[in-house]
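Asks: Below are the structure tokens for one structure; questions will follow.
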Amino acid sequence: QLQLVESGGGLVQPGKSLRLSCVASGFNLGSYAVGWFRQVPGKEREGLSCINHSGGSTNYAESVRGRFTISRDNAKNTVYLQMDSLKPEATAVYFCAAALLWAGPRIPHESEYAYWGQGTQVTVSS
């Protein structure tokens with residue numbers, strides 16, 4: 001069974017950090033480009049970052065560039081999202097997704113991803 005599972009979410013104070021993990025089971029995540037998205041109820045899912053198969057190329061949305069860092073460990077079948085200097089507006093459900101093709105220097109639309117995790121809640125509040 002092909003599955004992506006996110007973890008690492010939780011409640012954090014503004015200005016603090018969290019690291020999200022996305023672990024794949026049932027397939028080799030190293031054969032896929034991976035993206036991170038977030039969604040607030042009533043709003044569209046927002047693409048945040050993506051990383052190519054090897055980890056050598058990454059893209060970031062303007063809203064998170066300089067504060068979020070995407071990385072991967074293919075030996076562990078895992079992709080990470082390090083989130084620093086978190087703001088209250090970062091409160092959302094965060095999803096990872098996998099795509100066979102690397103889209104190049106852009107944040108792909110969610111429709112370009114084949115596999116999705118169930119999401120992990122991140123709440124930034126004092």
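Naming scheme: A, B, ... for chains in displayed order of the structure tokens; residues 1 onward per chain; ligands 1 onward as shown.
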Tell me, as a list in words, which residues lie within 10 Å of A:Arg45, counting only C-alpha atoms; anything in the same chain fewer than 5 positions away does not count.

Replies: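 Result of the neighbour search: Phe37, Arg38, Gln39, Val40, Ala92, Val93, Tyr94, Phe95, His109 and Glu110 of chain A.
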
Asks: For A:Tyr32, find every residue with an atom within 12 Å (counting only C-alpha atoms), except residues of its own chain fewer than 2 positions away, and show them as a PyMOL selection string.

Replies: chain A and resi 4+24+27-30+34-35+50-55+72+74+77-79+96-103+112-115

Asks: Please, which residues of stretch 20-74 of chain A, numbered as in this document, come out strand (DSSP E or B) from DSSP, as number ranges by chain?

Replies: A: 20-25, 33-39, 46-51, 58-60, 68-73

Asks: What residues in chain A get the DSSP label helix (DSSP H, G or I)? Please answer as a PyMOL selection string.

Replies: chain A and resi 29-31+74-76+88-90+110-112

Asks: Next, the residues of the selection above should be written as a PDB file, in the first residue's frame with N, CA, C and O atoms.

Replies:
```pdb
ATOM      1  N   LEU A  29      10.499   6.721  -2.084  1.00  0.00           N
ATOM      2  CA  LEU A  29      10.253   8.154  -2.199  1.00  0.00           C
ATOM      3  C   LEU A  29      11.349   8.854  -2.998  1.00  0.00           C
ATOM      4  O   LEU A  29      11.125   9.923  -3.566  1.00  0.00           O
ATOM      5  N   GLY A  30      12.524   8.239  -3.051  1.00  0.00           N
ATOM      6  CA  GLY A  30      13.624   8.817  -3.816  1.00  0.00           C
ATOM      7  C   GLY A  30      13.363   8.877  -5.311  1.00  0.00           C
ATOM      8  O   GLY A  30      14.067   9.579  -6.031  1.00  0.00           O
ATOM      9  N   SER A  31      12.356   8.176  -5.780  1.00  0.00           N
ATOM     10  CA  SER A  31      11.985   8.216  -7.191  1.00  0.00           C
ATOM     11  C   SER A  31      10.986   9.325  -7.496  1.00  0.00           C
ATOM     12  O   SER A  31      10.528   9.439  -8.633  1.00  0.00           O
ATOM     13  N   ASN A  74      16.857  10.206   1.412  1.00  0.00           N
ATOM     14  CA  ASN A  74      16.285   9.102   0.642  1.00  0.00           C
ATOM     15  C   ASN A  74      16.558   7.747   1.288  1.00  0.00           C
ATOM     16  O   ASN A  74      15.782   6.809   1.096  1.00  0.00           O
ATOM     17  N   ALA A  75      17.623   7.661   2.049  1.00  0.00           N
ATOM     18  CA  ALA A  75      17.907   6.407   2.748  1.00  0.00           C
ATOM     19  C   ALA A  75      16.840   6.104   3.799  1.00  0.00           C
ATOM     20  O   ALA A  75      16.584   4.947   4.128  1.00  0.00           O
ATOM     21  N   LYS A  76      16.209   7.167   4.295  1.00  0.00           N
ATOM     22  CA  LYS A  76      15.142   7.008   5.286  1.00  0.00           C
ATOM     23  C   LYS A  76      13.759   7.170   4.669  1.00  0.00           C
ATOM     24  O   LYS A  76      12.759   7.169   5.396  1.00  0.00           O
ATOM     25  N   PRO A  88       1.677  33.445  13.416  1.00  0.00           N
ATOM     26  CA  PRO A  88       0.320  32.923  13.628  1.00  0.00           C
ATOM     27  C   PRO A  88      -0.394  32.560  12.329  1.00  0.00           C
ATOM     28  O   PRO A  88      -1.187  31.609  12.298  1.00  0.00           O
ATOM     29  N   GLU A  89      -0.103  33.284  11.272  1.00  0.00           N
ATOM     30  CA  GLU A  89      -0.763  32.994   9.992  1.00  0.00           C
ATOM     31  C   GLU A  89      -0.278  31.706   9.357  1.00  0.00           C
ATOM     32  O   GLU A  89      -0.824  31.287   8.328  1.00  0.00           O
ATOM     33  N   ALA A  90       0.711  31.067   9.935  1.00  0.00           N
ATOM     34  CA  ALA A  90       1.153  29.756   9.470  1.00  0.00           C
ATOM     35  C   ALA A  90       0.261  28.632   9.989  1.00  0.00           C
ATOM     36  O   ALA A  90       0.441  27.468   9.609  1.00  0.00           O
ATOM     37  N   GLU A 110      -1.242  21.627  -7.081  1.00  0.00           N
ATOM     38  CA  GLU A 110      -1.550  20.389  -6.358  1.00  0.00           C
ATOM     39  C   GLU A 110      -1.995  19.276  -7.296  1.00  0.00           C
ATOM     40  O   GLU A 110      -1.781  18.099  -6.998  1.00  0.00           O
ATOM     41  N   SER A 111      -2.572  19.604  -8.428  1.00  0.00           N
ATOM     42  CA  SER A 111      -3.036  18.580  -9.368  1.00  0.00           C
ATOM     43  C   SER A 111      -1.882  17.809 -10.002  1.00  0.00           C
ATOM     44  O   SER A 111      -2.101  16.754 -10.614  1.00  0.00           O
ATOM     45  N   GLU A 112      -0.663  18.304  -9.856  1.00  0.00           N
ATOM     46  CA  GLU A 112       0.501  17.650 -10.453  1.00  0.00           C
ATOM     47  C   GLU A 112       1.095  16.575  -9.553  1.00  0.00           C
ATOM     48  O   GLU A 112       2.038  15.895  -9.937  1.00  0.00           O
TER      49      GLU A 112
END
```

Asks: Give me the residues within 7 Å of A:Asp84 as a PyMOL selection string, counting only C-alpha atoms and dropping any in the same chain fewer than 4 places off.

Replies: chain A and resi 16-18+67-68

Asks: Find the residue from A:Ile107, A:Ala33, A:Thr123, A:Arg65 that sits nearest to A:Gly10; use only C-alpha atoms when measuring.

Replies: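 Going through A:Ile107, A:Ala33, A:Thr123, A:Arg65 one by one, the smallest distance to A:Gly10 is for A:Thr123.
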
Asks: Identify which of the residues A:Val122, A:Gly117, A:Pro41, A:Arg19 lies closest to A:Leu2, counting only C-alpha atoms when measuring atom-to-atom distances.

Replies: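 Closest candidate: A:Gly117.
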
Asks: So which residues touch A:Ala61 within 9 Å, counting only C-alpha atoms, skipping near sequence neighbours fewer than 2 positions away, as a ChimeraX atom specification?

Replies: /A:46-49,59,63-65,106-107

Asks: What does the structure give for the distance between atom CA of A:Ser126 and atom CA of A:Cys22, in Å to one decimal?

Replies: 26.2 Å
